[in-house]
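For reference, model26.pdb is printed below; it contains PDB, N, CA and C atoms.
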```
ATOM      1  N   MET A   1      30.060  -7.195   5.463
ATOM      2  CA  MET A   1      30.998  -7.441   4.392
ATOM      3  C   MET A   1      30.256  -7.498   3.067
ATOM      4  N   CYS A   2      30.850  -6.954   2.064
ATOM      5  CA  CYS A   2      30.243  -6.935   0.739
ATOM      6  C   CYS A   2      30.743  -8.121  -0.072
ATOM      7  N   LYS A   3      29.830  -8.820  -0.664
ATOM      8  CA  LYS A   3      30.189  -9.954  -1.510
ATOM      9  C   LYS A   3      30.570  -9.431  -2.901
ATOM     10  N   PRO A   4      31.474 -10.088  -3.596
ATOM     11  CA  PRO A   4      31.900  -9.599  -4.904
ATOM     12  C   PRO A   4      30.845  -9.734  -5.997
ATOM     13  N   GLY A   5      29.778 -10.492  -5.753
ATOM     14  CA  GLY A   5      28.744 -10.674  -6.777
ATOM     15  C   GLY A   5      28.052  -9.389  -7.173
ATOM     16  N   ALA A   6      27.809  -8.494  -6.212
ATOM     17  CA  ALA A   6      27.164  -7.215  -6.535
ATOM     18  C   ALA A   6      28.055  -6.386  -7.440
ATOM     19  N   LEU A   7      29.329  -6.377  -7.153
ATOM     20  CA  LEU A   7      30.271  -5.626  -7.974
ATOM     21  C   LEU A   7      30.425  -6.263  -9.349
ATOM     22  N   ALA A   8      30.428  -7.586  -9.397
ATOM     23  CA  ALA A   8      30.518  -8.285 -10.685
ATOM     24  C   ALA A   8      29.290  -7.982 -11.548
ATOM     25  N   ALA A   9      28.111  -7.911 -10.932
ATOM     26  CA  ALA A   9      26.897  -7.573 -11.688
ATOM     27  C   ALA A   9      26.982  -6.140 -12.210
ATOM     28  N   GLY A  10      27.492  -5.230 -11.390
ATOM     29  CA  GLY A  10      27.670  -3.850 -11.844
ATOM     30  C   GLY A  10      28.661  -3.751 -12.979
ATOM     31  N   ARG A  11      29.730  -4.522 -12.903
ATOM     32  CA  ARG A  11      30.734  -4.517 -13.970
ATOM     33  C   ARG A  11      30.148  -5.099 -15.254
ATOM     34  N   ALA A  12      29.375  -6.168 -15.140
ATOM     35  CA  ALA A  12      28.806  -6.815 -16.326
ATOM     36  C   ALA A  12      27.763  -5.941 -17.017
ATOM     37  N   THR A  13      27.010  -5.182 -16.240
ATOM     38  CA  THR A  13      25.936  -4.363 -16.820
ATOM     39  C   THR A  13      26.329  -2.918 -17.056
ATOM     40  N   GLY A  14      27.406  -2.467 -16.397
ATOM     41  CA  GLY A  14      27.798  -1.065 -16.500
ATOM     42  C   GLY A  14      26.919  -0.158 -15.670
ATOM     43  N   ARG A  15      26.077  -0.737 -14.842
ATOM     44  CA  ARG A  15      25.168   0.044 -13.996
ATOM     45  C   ARG A  15      25.825   0.361 -12.663
ATOM     46  N   PRO A  16      25.533   1.534 -12.104
ATOM     47  CA  PRO A  16      26.086   1.854 -10.782
ATOM     48  C   PRO A  16      25.402   1.032  -9.698
ATOM     49  N   ILE A  17      26.081   0.914  -8.576
ATOM     50  CA  ILE A  17      25.533   0.193  -7.433
ATOM     51  C   ILE A  17      24.967   1.213  -6.463
ATOM     52  N   ALA A  18      23.691   1.081  -6.137
ATOM     53  CA  ALA A  18      23.055   1.951  -5.149
ATOM     54  C   ALA A  18      23.107   1.240  -3.811
ATOM     55  N   ARG A  19      23.536   1.971  -2.790
ATOM     56  CA  ARG A  19      23.686   1.364  -1.473
ATOM     57  C   ARG A  19      22.499   1.727  -0.593
ATOM     58  N   LEU A  20      22.003   0.749   0.110
ATOM     59  CA  LEU A  20      20.927   0.926   1.068
ATOM     60  C   LEU A  20      21.290   0.118   2.295
ATOM     61  N   VAL A  21      21.283   0.766   3.436
ATOM     62  CA  VAL A  21      21.601   0.105   4.693
ATOM     63  C   VAL A  21      20.447   0.352   5.640
ATOM     64  N   SER A  22      20.094  -0.637   6.428
ATOM     65  CA  SER A  22      19.033  -0.443   7.412
ATOM     66  C   SER A  22      19.499  -0.955   8.762
ATOM     67  N   ARG A  23      18.915  -0.404   9.778
ATOM     68  CA  ARG A  23      19.182  -0.865  11.144
ATOM     69  C   ARG A  23      17.838  -1.048  11.807
ATOM     70  N   GLN A  24      17.624  -2.237  12.324
ATOM     71  CA  GLN A  24      16.345  -2.546  12.931
ATOM     72  C   GLN A  24      16.557  -3.198  14.287
ATOM     73  N   ALA A  25      15.502  -3.316  15.041
ATOM     74  CA  ALA A  25      15.593  -3.851  16.398
ATOM     75  C   ALA A  25      15.429  -5.365  16.426
ATOM     76  N   ARG A  26      15.985  -6.057  15.458
ATOM     77  CA  ARG A  26      15.885  -7.519  15.402
ATOM     78  C   ARG A  26      17.111  -8.060  14.688
ATOM     79  N   ASP A  27      17.576  -9.220  15.120
ATOM     80  CA  ASP A  27      18.711  -9.862  14.455
ATOM     81  C   ASP A  27      18.285 -10.343  13.073
ATOM     82  N   PRO A  28      19.250 -10.487  12.150
ATOM     83  CA  PRO A  28      18.891 -10.970  10.814
ATOM     84  C   PRO A  28      18.375 -12.410  10.855
ATOM     85  N   LEU A  29      17.547 -12.719   9.886
ATOM     86  CA  LEU A  29      17.027 -14.077   9.758
ATOM     87  C   LEU A  29      18.151 -15.006   9.305
ATOM     88  N   PRO A  30      18.082 -16.287   9.651
ATOM     89  CA  PRO A  30      19.131 -17.222   9.230
ATOM     90  C   PRO A  30      18.927 -17.678   7.785
ATOM     91  N   SER A  31      18.758 -16.726   6.873
ATOM     92  CA  SER A  31      18.545 -17.044   5.465
ATOM     93  C   SER A  31      19.790 -16.662   4.670
ATOM     94  N   TRP A  32      19.805 -17.011   3.400
ATOM     95  CA  TRP A  32      20.969 -16.750   2.555
ATOM     96  C   TRP A  32      21.267 -15.263   2.443
ATOM     97  N   ASP A  33      20.248 -14.408   2.502
ATOM     98  CA  ASP A  33      20.477 -12.972   2.338
ATOM     99  C   ASP A  33      20.509 -12.206   3.656
ATOM    100  N   ARG A  34      20.358 -12.916   4.772
ATOM    101  CA  ARG A  34      20.416 -12.308   6.104
ATOM    102  C   ARG A  34      19.412 -11.151   6.227
ATOM    103  N   ALA A  35      18.236 -11.347   5.651
ATOM    104  CA  ALA A  35      17.195 -10.318   5.661
ATOM    105  C   ALA A  35      16.733 -10.040   7.091
ATOM    106  N   PHE A  36      16.245  -8.834   7.302
ATOM    107  CA  PHE A  36      15.699  -8.435   8.590
ATOM    108  C   PHE A  36      14.187  -8.460   8.524
ATOM    109  N   LEU A  37      13.576  -8.839   9.598
ATOM    110  CA  LEU A  37      12.130  -8.770   9.731
ATOM    111  C   LEU A  37      11.856  -7.946  10.979
ATOM    112  N   PRO A  38      11.458  -6.694  10.814
ATOM    113  CA  PRO A  38      11.245  -5.858  11.998
ATOM    114  C   PRO A  38      10.056  -6.336  12.820
ATOM    115  N   LEU A  39      10.191  -6.214  14.110
ATOM    116  CA  LEU A  39       9.091  -6.525  15.006
ATOM    117  C   LEU A  39       8.015  -5.458  14.866
ATOM    118  N   PRO A  40       6.767  -5.768  15.231
ATOM    119  CA  PRO A  40       5.730  -4.739  15.175
ATOM    120  C   PRO A  40       6.140  -3.523  16.018
ATOM    121  N   PHE A  41       5.959  -2.349  15.456
ATOM    122  CA  PHE A  41       6.261  -1.069  16.089
ATOM    123  C   PHE A  41       7.761  -0.840  16.311
ATOM    124  N   ALA A  42       8.601  -1.623  15.657
ATOM    125  CA  ALA A  42      10.052  -1.435  15.772
ATOM    126  C   ALA A  42      10.447  -0.156  15.044
ATOM    127  N   ARG A  43      11.500   0.465  15.533
ATOM    128  CA  ARG A  43      12.041   1.638  14.858
ATOM    129  C   ARG A  43      12.972   1.144  13.750
ATOM    130  N   VAL A  44      12.731   1.602  12.523
ATOM    131  CA  VAL A  44      13.510   1.182  11.366
ATOM    132  C   VAL A  44      14.162   2.421  10.755
ATOM    133  N   VAL A  45      15.453   2.334  10.475
ATOM    134  CA  VAL A  45      16.202   3.444   9.886
ATOM    135  C   VAL A  45      16.833   2.952   8.594
ATOM    136  N   PHE A  46      16.651   3.688   7.501
ATOM    137  CA  PHE A  46      17.280   3.378   6.220
ATOM    138  C   PHE A  46      18.214   4.517   5.863
ATOM    139  N   VAL A  47      19.407   4.188   5.402
ATOM    140  CA  VAL A  47      20.371   5.178   4.949
ATOM    141  C   VAL A  47      20.734   4.826   3.507
ATOM    142  N   TYR A  48      20.534   5.780   2.610
ATOM    143  CA  TYR A  48      20.861   5.594   1.200
ATOM    144  C   TYR A  48      22.185   6.285   0.908
ATOM    145  N   GLY A  49      23.022   5.670   0.119
ATOM    146  CA  GLY A  49      24.268   6.295  -0.311
ATOM    147  C   GLY A  49      24.192   6.604  -1.789
ATOM    148  N   PRO A  50      25.041   7.507  -2.259
ATOM    149  CA  PRO A  50      25.037   7.810  -3.687
ATOM    150  C   PRO A  50      25.483   6.598  -4.497
ATOM    151  N   PRO A  51      24.989   6.455  -5.716
ATOM    152  CA  PRO A  51      25.377   5.309  -6.537
ATOM    153  C   PRO A  51      26.885   5.302  -6.802
ATOM    154  N   LEU A  52      27.455   4.111  -6.809
ATOM    155  CA  LEU A  52      28.875   3.938  -7.096
ATOM    156  C   LEU A  52      28.998   3.463  -8.539
ATOM    157  N   PRO A  53      29.558   4.303  -9.420
ATOM    158  CA  PRO A  53      29.687   3.870 -10.818
ATOM    159  C   PRO A  53      30.719   2.755 -10.948
ATOM    160  N   ILE A  54      30.416   1.789 -11.810
ATOM    161  CA  ILE A  54      31.292   0.640 -12.031
ATOM    162  C   ILE A  54      31.647   0.586 -13.518
ATOM    163  N   ALA A  55      32.930   0.568 -13.828
ATOM    164  CA  ALA A  55      33.375   0.488 -15.221
ATOM    165  C   ALA A  55      33.218  -0.939 -15.740
ATOM    166  N   HIS A  56      32.985  -1.051 -17.055
ATOM    167  CA  HIS A  56      32.846  -2.379 -17.674
ATOM    168  C   HIS A  56      34.139  -3.182 -17.599
ATOM    169  N   HIS A  57      35.250  -2.523 -17.812
ATOM    170  CA  HIS A  57      36.519  -3.241 -17.919
ATOM    171  C   HIS A  57      37.399  -2.906 -16.726
ATOM    172  N   LEU A  58      37.237  -3.660 -15.653
ATOM    173  CA  LEU A  58      38.072  -3.493 -14.468
ATOM    174  C   LEU A  58      39.115  -4.598 -14.442
ATOM    175  N   SER A  59      40.353  -4.216 -14.180
ATOM    176  CA  SER A  59      41.382  -5.237 -13.968
ATOM    177  C   SER A  59      41.114  -5.893 -12.613
ATOM    178  N   ASP A  60      41.799  -6.959 -12.336
ATOM    179  CA  ASP A  60      41.623  -7.632 -11.047
ATOM    180  C   ASP A  60      41.969  -6.699  -9.895
ATOM    181  N   GLU A  61      43.028  -5.894 -10.070
ATOM    182  CA  GLU A  61      43.435  -4.958  -9.020
ATOM    183  C   GLU A  61      42.378  -3.866  -8.825
ATOM    184  N   GLU A  62      41.834  -3.353  -9.934
ATOM    185  CA  GLU A  62      40.790  -2.325  -9.846
ATOM    186  C   GLU A  62      39.519  -2.905  -9.227
ATOM    187  N   PHE A  63      39.208  -4.152  -9.567
ATOM    188  CA  PHE A  63      38.036  -4.815  -9.001
ATOM    189  C   PHE A  63      38.181  -4.918  -7.484
ATOM    190  N   THR A  64      39.358  -5.351  -7.018
ATOM    191  CA  THR A  64      39.605  -5.481  -5.584
ATOM    192  C   THR A  64      39.541  -4.126  -4.887
ATOM    193  N   ALA A  65      40.118  -3.094  -5.512
ATOM    194  CA  ALA A  65      40.093  -1.747  -4.925
ATOM    195  C   ALA A  65      38.671  -1.198  -4.871
ATOM    196  N   THR A  66      37.896  -1.428  -5.917
ATOM    197  CA  THR A  66      36.513  -0.947  -5.951
ATOM    198  C   THR A  66      35.663  -1.690  -4.929
ATOM    199  N   LEU A  67      35.907  -2.981  -4.761
ATOM    200  CA  LEU A  67      35.189  -3.765  -3.761
ATOM    201  C   LEU A  67      35.488  -3.229  -2.361
ATOM    202  N   ALA A  68      36.739  -2.898  -2.098
ATOM    203  CA  ALA A  68      37.111  -2.330  -0.799
ATOM    204  C   ALA A  68      36.443  -0.969  -0.598
ATOM    205  N   GLN A  69      36.367  -0.166  -1.658
ATOM    206  CA  GLN A  69      35.690   1.140  -1.585
ATOM    207  C   GLN A  69      34.208   0.946  -1.262
ATOM    208  N   LEU A  70      33.577  -0.016  -1.905
ATOM    209  CA  LEU A  70      32.170  -0.301  -1.654
ATOM    210  C   LEU A  70      31.957  -0.771  -0.222
ATOM    211  N   GLU A  71      32.830  -1.628   0.277
ATOM    212  CA  GLU A  71      32.723  -2.108   1.654
ATOM    213  C   GLU A  71      32.850  -0.955   2.650
ATOM    214  N   ARG A  72      33.805  -0.037   2.403
ATOM    215  CA  ARG A  72      33.966   1.123   3.295
ATOM    216  C   ARG A  72      32.717   2.001   3.280
ATOM    217  N   ALA A  73      32.135   2.191   2.098
ATOM    218  CA  ALA A  73      30.928   3.015   1.996
ATOM    219  C   ALA A  73      29.755   2.365   2.731
ATOM    220  N   ILE A  74      29.628   1.057   2.624
ATOM    221  CA  ILE A  74      28.546   0.357   3.322
ATOM    222  C   ILE A  74      28.762   0.415   4.826
ATOM    223  N   GLU A  75      29.989   0.229   5.280
ATOM    224  CA  GLU A  75      30.279   0.310   6.719
ATOM    225  C   GLU A  75      29.984   1.698   7.260
ATOM    226  N   SER A  76      30.331   2.728   6.498
ATOM    227  CA  SER A  76      30.053   4.100   6.917
ATOM    228  C   SER A  76      28.551   4.342   7.020
ATOM    229  N   ALA A  77      27.807   3.875   6.026
ATOM    230  CA  ALA A  77      26.353   4.029   6.053
ATOM    231  C   ALA A  77      25.749   3.234   7.209
ATOM    232  N   GLN A  78      26.300   2.059   7.505
ATOM    233  CA  GLN A  78      25.802   1.250   8.619
ATOM    234  C   GLN A  78      26.010   1.973   9.943
ATOM    235  N   GLN A  79      27.184   2.565  10.125
ATOM    236  CA  GLN A  79      27.451   3.322  11.349
ATOM    237  C   GLN A  79      26.491   4.500  11.479
ATOM    238  N   HIS A  80      26.230   5.155  10.365
ATOM    239  CA  HIS A  80      25.296   6.286  10.378
ATOM    240  C   HIS A  80      23.889   5.808  10.761
ATOM    241  N   ALA A  81      23.476   4.683  10.196
ATOM    242  CA  ALA A  81      22.152   4.127  10.525
ATOM    243  C   ALA A  81      22.063   3.763  11.994
ATOM    244  N   GLU A  82      23.121   3.196  12.544
ATOM    245  CA  GLU A  82      23.108   2.831  13.970
ATOM    246  C   GLU A  82      23.052   4.065  14.864
ATOM    247  N   GLN A  83      23.743   5.133  14.456
ATOM    248  CA  GLN A  83      23.666   6.386  15.214
ATOM    249  C   GLN A  83      22.249   6.949  15.189
ATOM    250  N   LEU A  84      21.631   6.925  14.021
ATOM    251  CA  LEU A  84      20.255   7.431  13.901
ATOM    252  C   LEU A  84      19.277   6.581  14.700
ATOM    253  N   ALA A  85      19.487   5.273  14.702
ATOM    254  CA  ALA A  85      18.589   4.366  15.416
ATOM    255  C   ALA A  85      18.700   4.555  16.925
ATOM    256  N   ALA A  86      19.863   5.016  17.384
ATOM    257  CA  ALA A  86      20.062   5.198  18.818
ATOM    258  C   ALA A  86      19.403   6.463  19.357
ATOM    259  N   LEU A  87      19.004   7.366  18.478
ATOM    260  CA  LEU A  87      18.376   8.625  18.920
ATOM    261  C   LEU A  87      17.019   8.410  19.510
TER     262      LEU A  87
END
```
Show me, as structure tokens, the structure contained in the file I just sent.
Amino acid sequence: MCKPGALAAGRATGRPIARLVSRQARDPLPSWDRAFLPLPFARVVFVYGPPLPIAHHLSDEEFTATLAQLERAIESAQQHAEQLAAL
């Protein structure tokens, strides 16, 4: 799930959001960012998505729609990473 903070930062700065998804052979750490720490010799797959441009002035409805678009893009990239990791 995508948190709205990334989208809010993109809206505040006018910068696009670059998506990066990884799939590793270890569960996420119990930290605030759920970071992964790959085991030695683990297979690691990274999938990059094209940047998502964010407008400075988004209405609440546009913000919600853009957040849903970002979540769908991240889920798609995650599925792709899992497929690659299974090879």
(message) Please return, as number ranges by chain, all residues of chain A that DSSP assigns to strand (DSSP E or B) on the basis of the backbone.
(response) A: 17-23, 45-52
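Minimum atom-to-atom distances from A:Leu29, A:Leu39, A:Arg19, A:Ala9 to Leu52 (chain A) were compared using only N, CA and C atoms, and the lowest value belongs to A:Arg19.
Of all the residues in region 31-87 of chain A, the ones DSSP labels as alpha helix (DSSP H) from the backbone are Asp60, Glu61, Glu62, Phe63, Thr64, Ala65, Thr66, Leu67, Ala68, Gln69, Leu70, Glu71, Arg72, Ala73, Ile74, Glu75, Ser76, Ala77, Gln78, Gln79, His80, Ala81, Glu82, Gln83, Leu84, Ala85 and Ala86 of chain A.
When the PyMOL selection byres ((chain A and resi 57-70) around 8) is evaluated against the file, it yields Met1, Cys2, Lys3, Pro4, Leu7, Arg11, Ala12, Gly14, Leu52, Ile54, Ala55, His56, Glu71, Arg72, Ala73, Ile74, Glu75 and Ser76 of chain A.
Picture a line from CA of Pro40 (chain A) to CA of Ala77 (chain A); it runs 24.2 Å.
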Would you compute the box with edges along x, y and z of the file around region 56-70 of chain A, including every atom the file lists for it and 8 Å extra on each side, and give its centre and edge lengths in Å to one decimal, as lines of an AutoDock Vina configuration file?
```
center_x = 37.7
center_y = -3.2
center_z = -9.1
size_x = 27.5
size_y = 24.8
size_z = 33.7
```
(message) To one decimal place in Å, what is the distance between CA of Val47 (chain A) and atom C of Pro16 (chain A)?
(response) 16.0 Å
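Note that atom N of Gln79 (chain A) and atom N of Pro51 (chain A) are 16.5 Å apart.
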